[in-house]
file input.cif (mmCIF, C-alpha atoms)
data_target
loop_
_atom_site.group_PDB
_atom_site.id
_atom_site.type_symbol
_atom_site.label_atom_id
_atom_site.label_comp_id
_atom_site.auth_asym_id
_atom_site.auth_seq_id
_atom_site.Cartn_x
_atom_site.Cartn_y
_atom_site.Cartn_z
ATOM 1 C CA MET A 78 111.716 173.505 -54.292
ATOM 2 C CA TYR A 79 110.462 170.687 -56.523
ATOM 3 C CA MET A 80 108.927 171.772 -59.801
ATOM 4 C CA HIS A 81 107.299 169.289 -62.174
ATOM 5 C CA VAL A 82 107.461 170.529 -65.767
ATOM 6 C CA VAL A 83 105.524 168.845 -68.574
ATOM 7 C CA ASN A 84 106.727 169.621 -72.088
ATOM 8 C CA ASN A 85 104.103 169.817 -74.798
ATOM 9 C CA CYS A 86 106.116 167.495 -77.035
ATOM 10 C CA TYR A 87 108.950 164.989 -76.861
ATOM 11 C CA SER A 88 112.437 166.043 -77.883
ATOM 12 C CA PRO A 89 113.928 164.704 -81.132
ATOM 13 C CA LYS A 90 116.144 162.341 -79.127
ATOM 14 C CA GLU A 91 113.174 161.025 -77.147
ATOM 15 C CA THR A 92 111.226 160.620 -80.381
ATOM 16 C CA VAL A 93 114.000 158.497 -81.896
ATOM 17 C CA GLU A 94 113.747 156.335 -78.783
ATOM 18 C CA LEU A 95 109.970 156.082 -79.114
ATOM 19 C CA CYS A 96 110.254 155.110 -82.784
ATOM 20 C CA SER A 97 112.728 152.397 -81.835
ATOM 21 C CA ARG A 98 110.406 151.057 -79.138
ATOM 22 C CA ALA A 99 107.521 151.112 -81.616
ATOM 23 C CA GLY A 100 109.637 149.091 -84.054
ATOM 24 C CA VAL A 101 110.323 146.454 -81.390
ATOM 25 C CA MET A 102 106.674 146.236 -80.400
ATOM 26 C CA LYS A 103 105.416 146.009 -83.977
ATOM 27 C CA ALA A 104 107.982 143.444 -85.139
ATOM 28 C CA ASN A 105 107.286 141.183 -82.165
ATOM 29 C CA MET A 106 103.548 140.970 -82.701
ATOM 30 C CA ARG A 107 102.111 137.601 -83.662
ATOM 31 C CA LEU A 108 102.521 137.149 -87.411
ATOM 32 C CA ASP A 109 98.793 136.758 -88.043
ATOM 33 C CA LYS A 110 98.137 140.016 -86.212
ATOM 34 C CA VAL A 111 100.873 141.757 -88.187
ATOM 35 C CA PHE A 112 99.280 140.591 -91.434
ATOM 36 C CA PHE A 113 95.734 141.653 -90.589
ATOM 37 C CA SER A 114 96.962 144.935 -89.141
ATOM 38 C CA ALA A 115 98.688 145.528 -92.484
ATOM 39 C CA VAL A 116 95.508 144.560 -94.361
ATOM 40 C CA MET A 117 93.612 147.239 -92.425
ATOM 41 C CA ALA A 118 96.311 149.799 -93.202
ATOM 42 C CA GLY A 119 96.063 148.967 -96.906
ATOM 43 C CA CYS A 120 92.286 149.378 -96.777
ATOM 44 C CA LEU A 121 92.453 152.727 -95.001
ATOM 45 C CA LEU A 122 95.015 154.142 -97.411
ATOM 46 C CA ALA A 123 93.003 152.847 -100.378
ATOM 47 C CA PHE A 124 89.956 154.786 -99.195
ATOM 48 C CA ALA A 125 92.091 157.944 -99.158
ATOM 49 C CA CYS A 126 93.385 157.179 -102.660
ATOM 50 C CA ALA A 127 89.846 156.711 -103.950
ATOM 51 C CA ALA A 128 88.794 160.028 -102.437
ATOM 52 C CA VAL A 129 91.727 161.793 -104.109
ATOM 53 C CA LEU A 130 90.883 160.332 -107.529
ATOM 54 C CA ILE A 131 87.267 161.451 -107.250
ATOM 55 C CA THR A 132 88.352 164.911 -106.106
ATOM 56 C CA GLU A 133 90.798 165.321 -108.988
ATOM 57 C CA THR A 134 88.155 164.399 -111.562
ATOM 58 C CA ALA A 135 87.807 168.018 -112.678
ATOM 59 C CA PRO A 136 88.657 168.405 -116.401
ATOM 60 C CA TRP A 137 88.580 172.210 -116.415
ATOM 61 C CA TYR A 138 90.940 172.418 -113.447
ATOM 62 C CA GLN A 139 93.206 169.724 -114.893
ATOM 63 C CA GLU A 140 93.548 171.853 -118.011
ATOM 64 C CA ASN A 141 93.708 175.331 -116.488
ATOM 65 C CA ALA A 142 94.791 174.956 -112.852
ATOM 66 C CA PRO A 143 96.390 171.514 -112.354
ATOM 67 C CA GLY A 144 98.340 172.619 -109.301
ATOM 68 C CA LEU A 145 95.222 173.885 -107.570
ATOM 69 C CA ILE A 146 93.180 170.710 -108.038
ATOM 70 C CA ARG A 147 96.143 168.590 -106.929
ATOM 71 C CA MET A 148 96.466 170.741 -103.823
ATOM 72 C CA ILE A 149 92.782 170.223 -103.010
ATOM 73 C CA GLY A 150 93.209 166.465 -103.382
ATOM 74 C CA ALA A 151 96.330 166.610 -101.212
ATOM 75 C CA LEU A 152 94.358 168.312 -98.450
ATOM 76 C CA ILE A 153 91.976 165.346 -98.376
ATOM 77 C CA PHE A 154 94.428 162.440 -98.660
ATOM 78 C CA PRO A 155 96.140 162.653 -95.220
ATOM 79 C CA PHE A 156 93.058 161.318 -93.419
ATOM 80 C CA GLY A 157 94.231 157.885 -94.591
ATOM 81 C CA LEU A 158 97.609 158.095 -92.843
ATOM 82 C CA VAL A 159 96.024 159.709 -89.782
ATOM 83 C CA SER A 160 93.633 156.765 -89.495
ATOM 84 C CA ILE A 161 96.503 154.295 -89.864
ATOM 85 C CA VAL A 162 98.719 155.915 -87.242
ATOM 86 C CA VAL A 163 96.088 156.529 -84.579
ATOM 87 C CA THR A 164 94.637 153.017 -84.910
ATOM 88 C CA GLY A 165 98.099 151.424 -84.760
ATOM 89 C CA SER A 166 97.758 149.691 -88.141
ATOM 90 C CA ASP A 167 100.933 148.532 -89.872
ATOM 91 C CA LEU A 168 102.013 150.305 -93.035
ATOM 92 C CA CYS A 169 105.146 148.755 -94.514
ATOM 93 C CA THR A 170 106.551 152.172 -95.399
ATOM 94 C CA GLY A 171 106.333 153.295 -91.766
ATOM 95 C CA SER A 172 107.935 150.004 -90.742
ATOM 96 C CA PHE A 173 110.972 150.905 -92.838
ATOM 97 C CA MET A 174 111.726 153.629 -90.292
ATOM 98 C CA TYR A 175 110.501 152.053 -87.041
ATOM 99 C CA THR A 176 112.257 148.711 -87.405
ATOM 100 C CA THR A 177 115.431 150.248 -88.851
ATOM 101 C CA LEU A 178 115.800 152.278 -85.676
ATOM 102 C CA ALA A 179 115.084 149.202 -83.550
ATOM 103 C CA CYS A 180 117.836 147.331 -85.418
ATOM 104 C CA LEU A 181 120.280 150.207 -84.980
ATOM 105 C CA HIS A 182 119.547 150.056 -81.248
ATOM 106 C CA GLY A 183 120.349 146.334 -81.267
ATOM 107 C CA ARG A 184 116.855 145.526 -80.030
ATOM 108 C CA LEU A 185 115.748 143.710 -83.160
ATOM 109 C CA SER A 186 117.499 141.315 -85.506
ATOM 110 C CA PRO A 187 117.792 142.192 -89.223
ATOM 111 C CA LEU A 188 115.978 138.944 -90.040
ATOM 112 C CA LYS A 189 112.983 139.847 -87.894
ATOM 113 C CA MET A 190 112.971 143.306 -89.455
ATOM 114 C CA LEU A 191 112.877 141.839 -92.977
ATOM 115 C CA VAL A 192 110.129 139.400 -91.988
ATOM 116 C CA HIS A 193 108.054 142.300 -90.713
ATOM 117 C CA TRP A 194 108.655 144.271 -93.910
ATOM 118 C CA THR A 195 107.579 141.307 -96.028
ATOM 119 C CA ILE A 196 104.407 140.518 -94.097
ATOM 120 C CA THR A 197 103.298 144.145 -93.914
ATOM 121 C CA PHE A 198 103.993 144.628 -97.639
ATOM 122 C CA PHE A 199 101.766 141.741 -98.680
ATOM 123 C CA GLY A 200 99.157 142.659 -96.070
ATOM 124 C CA ASN A 201 99.037 146.210 -97.438
ATOM 125 C CA LEU A 202 98.709 144.779 -100.955
ATOM 126 C CA ALA A 203 95.815 142.538 -99.915
ATOM 127 C CA GLY A 204 93.970 145.393 -98.229
ATOM 128 C CA SER A 205 94.505 147.777 -101.133
ATOM 129 C CA LEU A 206 93.330 145.230 -103.693
ATOM 130 C CA PHE A 207 90.252 144.390 -101.619
ATOM 131 C CA VAL A 208 89.083 147.999 -101.485
ATOM 132 C CA MET A 209 90.101 148.597 -105.111
ATOM 133 C CA ALA A 210 88.261 145.604 -106.578
ATOM 134 C CA VAL A 211 85.428 144.765 -104.202
ATOM 135 C CA ILE A 212 84.474 148.135 -102.701
ATOM 136 C CA ALA A 213 85.385 150.587 -105.475
ATOM 137 C CA GLY A 214 85.596 148.338 -108.545
ATOM 138 C CA TYR A 215 82.553 146.092 -108.332
ATOM 139 C CA GLY A 216 80.861 148.812 -106.305
ATOM 140 C CA GLY A 217 80.890 150.970 -109.432
ATOM 141 C CA VAL A 218 82.496 153.991 -107.786
ATOM 142 C CA PHE A 219 84.473 154.780 -110.950
ATOM 143 C CA SER A 220 81.916 153.601 -113.500
ATOM 144 C CA ALA A 221 80.954 157.112 -114.649
ATOM 145 C CA ASP A 222 82.895 158.162 -117.736
ATOM 146 C CA ALA A 223 84.657 161.109 -116.090
ATOM 147 C CA TYR A 224 85.875 159.069 -113.100
ATOM 148 C CA HIS A 225 86.865 156.180 -115.351
ATOM 149 C CA ALA A 226 88.943 158.471 -117.563
ATOM 150 C CA GLU A 227 90.628 160.130 -114.571
ATOM 151 C CA ALA A 228 91.627 156.763 -113.082
ATOM 152 C CA LEU A 229 93.242 155.674 -116.359
ATOM 153 C CA SER A 230 94.950 159.028 -116.899
ATOM 154 C CA PHE A 231 96.275 159.164 -113.342
ATOM 155 C CA ALA A 232 97.769 155.661 -113.566
ATOM 156 C CA SER A 233 99.289 156.372 -116.973
ATOM 157 C CA THR A 234 101.037 159.432 -115.573
ATOM 158 C CA LYS A 235 102.399 157.377 -112.688
ATOM 159 C CA VAL A 236 103.627 154.381 -114.704
ATOM 160 C CA VAL A 237 103.852 155.043 -118.437
ATOM 161 C CA THR A 238 104.959 158.688 -118.556
ATOM 162 C CA ALA A 239 107.498 158.528 -115.714
ATOM 163 C CA GLY A 240 110.843 156.786 -116.205
ATOM 164 C CA TRP A 241 112.033 153.983 -113.894
ATOM 165 C CA HIS A 242 114.607 156.253 -112.262
ATOM 166 C CA GLN A 243 111.996 158.970 -111.773
ATOM 167 C CA VAL A 244 109.642 156.601 -109.940
ATOM 168 C CA PHE A 245 112.599 155.506 -107.780
ATOM 169 C CA LEU A 246 113.580 159.080 -106.897
ATOM 170 C CA ARG A 247 109.980 160.087 -106.260
ATOM 171 C CA GLY A 248 109.722 157.040 -104.017
ATOM 172 C CA ILE A 249 112.553 158.395 -101.885
ATOM 173 C CA GLY A 250 110.762 161.720 -101.512
ATOM 174 C CA ALA A 251 107.420 160.100 -100.753
ATOM 175 C CA ASN A 252 108.512 157.973 -97.826
ATOM 176 C CA TRP A 253 110.923 160.591 -96.550
ATOM 177 C CA LEU A 254 107.857 162.779 -95.967
ATOM 178 C CA VAL A 255 105.569 159.946 -94.829
ATOM 179 C CA CYS A 256 108.088 158.737 -92.234
ATOM 180 C CA LEU A 257 108.685 162.331 -91.177
ATOM 181 C CA ALA A 258 104.937 162.519 -90.561
ATOM 182 C CA CYS A 259 105.102 159.330 -88.456
ATOM 183 C CA PHE A 260 108.138 160.685 -86.586
ATOM 184 C CA LEU A 261 106.387 163.969 -85.813
ATOM 185 C CA ALA A 262 103.263 162.091 -84.727
ATOM 186 C CA LEU A 263 105.269 160.262 -82.055
ATOM 187 C CA MET A 264 106.747 163.580 -80.985
ATOM 188 C CA ALA A 265 103.245 164.860 -80.167
ATOM 189 C CA ARG A 266 101.642 164.103 -76.817
ATOM 190 C CA GLU A 267 97.954 164.414 -77.649
ATOM 191 C CA TYR A 268 95.557 163.540 -80.454
ATOM 192 C CA PHE A 269 95.046 166.890 -82.160
ATOM 193 C CA SER A 270 98.776 167.551 -82.380
ATOM 194 C CA LYS A 271 99.277 164.108 -83.915
ATOM 195 C CA VAL A 272 96.709 164.886 -86.608
ATOM 196 C CA VAL A 273 98.371 168.186 -87.490
ATOM 197 C CA ALA A 274 101.844 166.613 -87.441
ATOM 198 C CA ILE A 275 100.764 163.917 -89.888
ATOM 199 C CA TRP A 276 98.681 166.121 -92.158
ATOM 200 C CA TRP A 277 101.227 168.540 -93.603
ATOM 201 C CA PRO A 278 104.150 166.284 -94.581
ATOM 202 C CA THR A 279 101.585 163.949 -96.178
ATOM 203 C CA PHE A 280 99.988 166.911 -97.938
ATOM 204 C CA ALA A 281 103.420 167.839 -99.312
ATOM 205 C CA PHE A 282 104.133 164.367 -100.701
ATOM 206 C CA VAL A 283 100.788 164.222 -102.529
ATOM 207 C CA THR A 284 101.086 167.782 -103.851
ATOM 208 C CA LEU A 285 104.531 167.001 -105.264
ATOM 209 C CA GLY A 286 103.258 163.866 -107.004
ATOM 210 C CA PHE A 287 105.692 161.491 -105.297
ATOM 211 C CA ASP A 288 105.315 157.711 -105.521
ATOM 212 C CA HIS A 289 104.233 155.779 -102.451
ATOM 213 C CA VAL A 290 104.301 152.036 -103.067
ATOM 214 C CA VAL A 291 101.162 151.315 -101.022
ATOM 215 C CA ALA A 292 99.159 154.194 -102.491
ATOM 216 C CA ASN A 293 100.111 152.932 -105.945
ATOM 217 C CA MET A 294 98.716 149.518 -104.944
ATOM 218 C CA PHE A 295 95.329 151.175 -105.363
ATOM 219 C CA PHE A 296 95.926 153.607 -108.215
ATOM 220 C CA ILE A 297 97.628 151.263 -110.689
ATOM 221 C CA PRO A 298 95.607 148.044 -110.133
ATOM 222 C CA LEU A 299 92.442 150.150 -110.446
ATOM 223 C CA ALA A 300 93.499 151.196 -113.943
ATOM 224 C CA ILE A 301 94.222 147.557 -114.797
ATOM 225 C CA PHE A 302 90.817 146.568 -113.382
ATOM 226 C CA LEU A 303 89.133 149.235 -115.518
ATOM 227 C CA GLY A 304 90.810 147.897 -118.666
ATOM 228 C CA SER A 305 93.829 150.142 -119.214
ATOM 229 C CA PRO A 306 95.306 149.380 -122.655
ATOM 230 C CA GLU A 307 98.774 150.546 -121.569
ATOM 231 C CA ILE A 308 99.360 148.852 -118.215
ATOM 232 C CA GLY A 309 99.518 145.156 -117.368
ATOM 233 C CA VAL A 310 100.419 143.385 -114.138
ATOM 234 C CA GLY A 311 104.025 142.661 -115.111
ATOM 235 C CA TYR A 312 104.548 146.179 -116.412
ATOM 236 C CA TYR A 313 103.157 147.604 -113.167
ATOM 237 C CA ILE A 314 105.431 145.453 -111.009
ATOM 238 C CA TRP A 315 108.576 146.331 -112.972
ATOM 239 C CA LYS A 316 107.892 149.974 -113.777
ATOM 240 C CA SER A 317 106.163 151.107 -110.575
ATOM 241 C CA MET A 318 106.135 148.662 -107.668
ATOM 242 C CA ILE A 319 109.847 147.765 -107.642
ATOM 243 C CA PRO A 320 111.351 151.271 -108.045
ATOM 244 C CA ALA A 321 108.807 152.837 -105.672
ATOM 245 C CA LEU A 322 109.488 150.134 -103.061
ATOM 246 C CA ILE A 323 113.261 150.564 -103.226
ATOM 247 C CA GLY A 324 112.884 154.341 -103.085
ATOM 248 C CA ASN A 325 110.506 154.112 -100.128
ATOM 249 C CA ILE A 326 112.955 151.894 -98.221
ATOM 250 C CA LEU A 327 115.728 154.453 -98.719
ATOM 251 C CA GLY A 328 113.472 157.418 -98.001
ATOM 252 C CA GLY A 329 112.170 156.057 -94.704
ATOM 253 C CA GLY A 330 115.009 153.851 -93.500
ATOM 254 C CA LEU A 331 117.975 155.995 -94.521
ATOM 255 C CA PHE A 332 116.820 159.601 -94.784
ATOM 256 C CA VAL A 333 114.722 159.485 -91.613
ATOM 257 C CA GLY A 334 115.730 156.454 -89.521
ATOM 258 C CA VAL A 335 119.496 156.420 -90.015
ATOM 259 C CA VAL A 336 119.869 160.209 -90.194
ATOM 260 C CA TYR A 337 118.092 160.899 -86.911
ATOM 261 C CA TRP A 338 119.873 157.970 -85.284
ATOM 262 C CA TYR A 339 123.173 159.539 -86.347
ATOM 263 C CA LEU A 340 122.193 163.022 -85.201
ATOM 264 C CA TYR A 341 120.766 162.206 -81.774
ATOM 265 C CA ILE A 342 121.978 158.777 -80.657
ATOM 266 C CA THR A 343 125.477 158.053 -81.982
ATOM 267 C CA GLY A 344 128.301 159.148 -79.686
ATOM 268 C CA ASP A 345 126.076 159.104 -76.610
ATOM 269 C CA SER A 346 125.655 155.734 -74.898
ATOM 270 C CA THR A 347 123.397 157.119 -72.151
ATOM 271 C CA PRO A 348 120.036 155.286 -72.105
ATOM 272 C CA VAL A 349 117.137 157.522 -73.093
ATOM 273 C CA ALA A 350 114.280 157.676 -70.605
ATOM 274 C CA VAL A 351 110.831 158.627 -71.866
ATOM 275 C CA ASP A 352 108.467 159.936 -69.202
ATOM 276 C CA GLY A 353 110.875 158.511 -66.640
ATOM 277 C CA SER A 354 110.864 155.000 -68.099
ATOM 278 C CA LEU A 355 113.798 153.220 -69.707
ATOM 279 C CA PHE A 356 113.506 150.511 -72.318
ATOM 280 C CA GLY A 357 113.864 147.041 -70.786
ATOM 281 C CA SER A 358 117.183 146.178 -72.419
ATOM 282 C CA ASP A 359 118.693 149.410 -71.071
ATOM 283 C CA THR A 360 118.130 148.236 -67.485
ATOM 284 C CA GLN A 361 118.993 144.536 -67.856
ATOM 285 C CA PRO A 362 121.270 142.383 -70.053
ATOM 286 C CA LEU A 363 120.321 142.556 -73.729
ATOM 287 C CA VAL A 364 118.359 139.474 -74.716
ATOM 288 C CA GLY A 365 117.041 138.488 -78.106
ATOM 289 C CA GLN A 366 116.695 134.728 -78.087
ATOM 290 C CA ASP A 367 113.340 133.025 -78.429
ATOM 291 C CA SER A 368 112.235 131.442 -75.180
ATOM 292 C CA ALA A 369 110.993 127.909 -74.922
ATOM 293 C CA ASP A 370 107.348 128.940 -75.185
ATOM 294 C CA GLY A 371 107.950 130.762 -78.476
ATOM 295 C CA SER A 372 107.852 134.309 -77.136
ATOM 296 C CA ASN A 373 110.708 136.671 -77.889
ATOM 297 C CA ASP A 374 112.575 138.529 -75.190
ATOM 298 C CA ASP A 375 112.949 141.588 -77.418
ATOM 299 C CA THR A 376 109.574 142.615 -76.062
ATOM 300 C CA ALA A 377 110.806 142.587 -72.471
ATOM 301 C CA GLY A 378 110.780 145.902 -70.689
ATOM 302 C CA THR A 379 109.496 147.831 -67.760
ATOM 303 C CA SER A 380 105.766 148.331 -67.470
ATOM 304 C CA GLY A 381 106.287 152.053 -67.921
ATOM 305 C CA GLU A 382 108.169 151.473 -71.192
ATOM 306 C CA ARG A 383 105.473 149.194 -72.543
ATOM 307 C CA LYS A 384 102.703 151.634 -71.651
ATOM 308 C CA SER A 385 104.695 154.461 -73.221
ATOM 309 C CA ALA A 386 105.276 152.579 -76.477
ATOM 310 C CA GLU A 387 101.654 151.469 -76.764
ATOM 311 C CA ARG A 388 100.378 154.948 -75.999
ATOM 312 C CA MET A 389 102.625 156.574 -78.551
ATOM 313 C CA VAL A 390 101.911 154.066 -81.332
#
call {"tool": "encode", "arguments": {"input": "input.cif", "output": "structure tokens"}}
result
Amino acid sequence: MYMHVVNNCYSPKETVELCSRAGVMKANMRLDKVFFSAVMAGCLLAFACAAVLITETAPWYQENAPGLIRMIGALIFPFGLVSIVVTGSDLCTGSFMYTTLACLHGRLSPLKMLVHWTITFFGNLAGSLFVMAVIAGYGGVFSADAYHAEALSFASTKVVTAGWHQVFLRGIGANWLVCLACFLALMAREYFSKVVAIWWPTFAFVTLGFDHVVANMFFIPLAIFLGSPEIGVGYYIWKSMIPALIGNILGGGLFVGVVYWYLYITGDSTPVAVDGSLFGSDTQPLVGQDSADGSNDDTAGTSGERKSAERMV
């Protein structure tokens, strides 16, 4: 007797496969689309950062219950990552996991991976700065004294108080949890489960005060925009952006991408089917050369694989 069973989530091995397919699809987008997708991701995350700063502007709680007010802010922040994931926008920190897995599968060249990282990084920066300066800055969102003081204090804690090595280590923790959220989102089969899967790891990273390089693209430039006497552009780049970026690469690429690749893929050469569909290169000779018309064969695959990747991302 034939019985068709539908699981309510993908297995960890299937999710590694889906992340790899997502990395191939994202890295093979047209470069202009990658950039503007990253700009949108930067904007969406900046809105979440602004909401957190406003929420944490509570002097009594900061003095008497700092953990509680941070927790409340952390409950609000994940809507930014939820919006990014469900709209398919490109966050460079998520790319550190997706494209690493695609490279480990041999479906993507290291050069193309690095190009994608670079474009998404600067796209995220552009989007974050746009919302920071134009929407929040010139919009006067933080013009009130209490909000102004909180923005400066928050940035000072992130950059001035913390040591370089601390920002680096917090960067590892931040993207470990963010990429775990992205991984769990691909494991889910429907919208509500995706939201829940993303919410709690993101909540944890904000509650713990970890450093996410894209989130800091809003927090720190805002303090500079508002006239921080302690932080300048060069100081921000050296003391926050560089260590957080390196930590985020390790947190997402190594502690999520490489670890789950090692656990579920290494030692087993059997192609992984997702909803009955194999990735294109698992059913035909591996190709990765640019064709004459400029398209890249890394995107080749069965129609079922393409639909699966697009649906999951």
call {"tool": "residues_around", "arguments": {"input": "input.cif", "residues": "A:Val336", "least_positions_apart": "6", "cutoff": "12 Å", "atoms": "only C-alpha atoms", "output": "list in words"}}
result
Pro89, Lys90, Val93, Met174, Thr177, Leu178, Leu181, Trp253, Leu257, Leu327, Gly328, Gly329, Gly330, Ile342 and Thr343 of chain A
call {"tool": "residues_near_point", "arguments": {"input": "input.cif", "point": "(89.3, 159.4, -118.5)", "cutoff": "12 Å", "atoms": "all atoms listed in the file", "output": "list in words"}}
result
Leu130, Ile131, Glu133, Thr134, Ala135, Pro136, Gln139, Phe219, Ser220, Ala221, Asp222, Ala223, Tyr224, His225, Ala226, Glu227, Ala228, Leu229, Ser230, Phe231, Ala232, Ser233, Ala300, Leu303, Gly304 and Ser305 of chain A
call {"tool": "atom_distance", "arguments": {"input": "input.cif", "atom1": "atom CA of A:Asp288", "atom2": "atom CA of A:Lys235"}}
result
7.7 Å
call {"tool": "closest_residue", "arguments": {"input": "input.cif", "among": "A:Asp167, A:Phe332, A:Ser186, A:Ser346", "to": "A:Lys110", "atoms": "all atoms listed in the file"}}
result
A:Asp167
call {"tool": "closest_residue", "arguments": {"input": "input.cif", "among": "A:Phe156, A:Trp194, A:Tyr313, A:Phe282", "to": "A:Val237", "atoms": "all atoms listed in the file"}}
result
A:Tyr313
call {"tool": "closest_residue", "arguments": {"input": "input.cif", "among": "A:Met148, A:Ala281, A:Met294, A:Val272", "to": "A:Gly200", "atoms": "only C-alpha atoms"}}
result
A:Met294
call {"tool": "resolve_selection", "arguments": {"input": "input.cif", "expression": "the PyMOL selection byres ((chain A and resi 249) around 12)", "output": "MDAnalysis selection string"}}
result
chainID A and resid 170 173 242:248 250:256 282 286:290 320:333
call {"tool": "atom_distance", "arguments": {"input": "input.cif", "atom1": "atom CA of A:Leu261", "atom2": "atom CA of A:Ala274"}}
result
5.5 Å
call {"tool": "atom_distance", "arguments": {"input": "input.cif", "atom1": "atom CA of A:Met190", "atom2": "atom CA of A:Ala104"}}
result
6.6 Å
call {"tool": "closest_residue", "arguments": {"input": "input.cif", "among": "A:Gly214, A:Gly357, A:Gly309, A:Gly165", "to": "A:Phe295", "atoms": "all atoms listed in the file"}}
result
A:Gly214
call {"tool": "resolve_selection", "arguments": {"input": "input.cif", "expression": "the PyMOL selection byres ((chain A and resi 158) around 9)", "output": "ChimeraX atom specification"}}
result
/A:118,121-122,125,154-157,159-163,168,255,258-259,275-276,279
call {"tool": "closest_residue", "arguments": {"input": "input.cif", "among": "A:Val291, A:Ala262, A:Val218, A:Val335", "to": "A:Pro278", "atoms": "all atoms listed in the file"}}
result
A:Ala262
call {"tool": "resolve_selection", "arguments": {"input": "input.cif", "expression": "the PyMOL selection byres ((chain A and resi 112) around 8)", "output": "PDB file with C-alpha atoms, in the frame of the given file"}}
result
ATOM      1  CA  LEU A 108     102.521 137.149 -87.411  1.00  0.00           C
ATOM      2  CA  ASP A 109      98.793 136.758 -88.043  1.00  0.00           C
ATOM      3  CA  LYS A 110      98.137 140.016 -86.212  1.00  0.00           C
ATOM      4  CA  VAL A 111     100.873 141.757 -88.187  1.00  0.00           C
ATOM      5  CA  PHE A 113      95.734 141.653 -90.589  1.00  0.00           C
ATOM      6  CA  SER A 114      96.962 144.935 -89.141  1.00  0.00           C
ATOM      7  CA  ALA A 115      98.688 145.528 -92.484  1.00  0.00           C
ATOM      8  CA  VAL A 116      95.508 144.560 -94.361  1.00  0.00           C
ATOM      9  CA  ILE A 196     104.407 140.518 -94.097  1.00  0.00           C
ATOM     10  CA  THR A 197     103.298 144.145 -93.914  1.00  0.00           C
ATOM     11  CA  PHE A 199     101.766 141.741 -98.680  1.00  0.00           C
ATOM     12  CA  GLY A 200      99.157 142.659 -96.070  1.00  0.00           C
TER      13      GLY A 200
END
call {"tool": "residues_around", "arguments": {"input": "input.cif", "residues": "A:Ser205", "least_positions_apart": "3", "cutoff": "7 Å", "atoms": "all atoms listed in the file", "output": "PyMOL selection string"}}
result
chain A and resi 119-120+123+201-202+208-209+294-295
call {"tool": "residues_near_point", "arguments": {"input": "input.cif", "point": "(115.5, 164.3, -77.5)", "cutoff": "10 Å", "atoms": "all atoms listed in the file", "output": "ChimeraX atom specification"}}
result
/A:86-94,264,341-342,349-351
call {"tool": "write_last_selection", "arguments": {"input": "input.cif", "atoms": "C-alpha atoms", "output": "PDB file, keeping the file's coordinate frame"}}
result
ATOM      1  CA  CYS A  86     106.116 167.495 -77.035  1.00  0.00           C
ATOM      2  CA  TYR A  87     108.950 164.989 -76.861  1.00  0.00           C
ATOM      3  CA  SER A  88     112.437 166.043 -77.883  1.00  0.00           C
ATOM      4  CA  PRO A  89     113.928 164.704 -81.132  1.00  0.00           C
ATOM      5  CA  LYS A  90     116.144 162.341 -79.127  1.00  0.00           C
ATOM      6  CA  GLU A  91     113.174 161.025 -77.147  1.00  0.00           C
ATOM      7  CA  THR A  92     111.226 160.620 -80.381  1.00  0.00           C
ATOM      8  CA  VAL A  93     114.000 158.497 -81.896  1.00  0.00           C
ATOM      9  CA  GLU A  94     113.747 156.335 -78.783  1.00  0.00           C
ATOM     10  CA  MET A 264     106.747 163.580 -80.985  1.00  0.00           C
ATOM     11  CA  TYR A 341     120.766 162.206 -81.774  1.00  0.00           C
ATOM     12  CA  ILE A 342     121.978 158.777 -80.657  1.00  0.00           C
ATOM     13  CA  VAL A 349     117.137 157.522 -73.093  1.00  0.00           C
ATOM     14  CA  ALA A 350     114.280 157.676 -70.605  1.00  0.00           C
ATOM     15  CA  VAL A 351     110.831 158.627 -71.866  1.00  0.00           C
TER      16      VAL A 351
END
call {"tool": "closest_residue", "arguments": {"input": "input.cif", "among": "A:Leu145, A:Met117, A:Cys126, A:Leu285", "to": "A:Gly204", "atoms": "all atoms listed in the file"}}
result
A:Met117
call {"tool": "axis_aligned_box", "arguments": {"input": "input.cif", "around": "stretch 273-289 of chain A", "padding_each_side": "3 Å", "output": "lines of an AutoDock Vina configuration file"}}
result
center_x = 102.0
center_y = 162.2
center_z = -97.2
size_x = 13.3
size_y = 18.8
size_z = 25.6
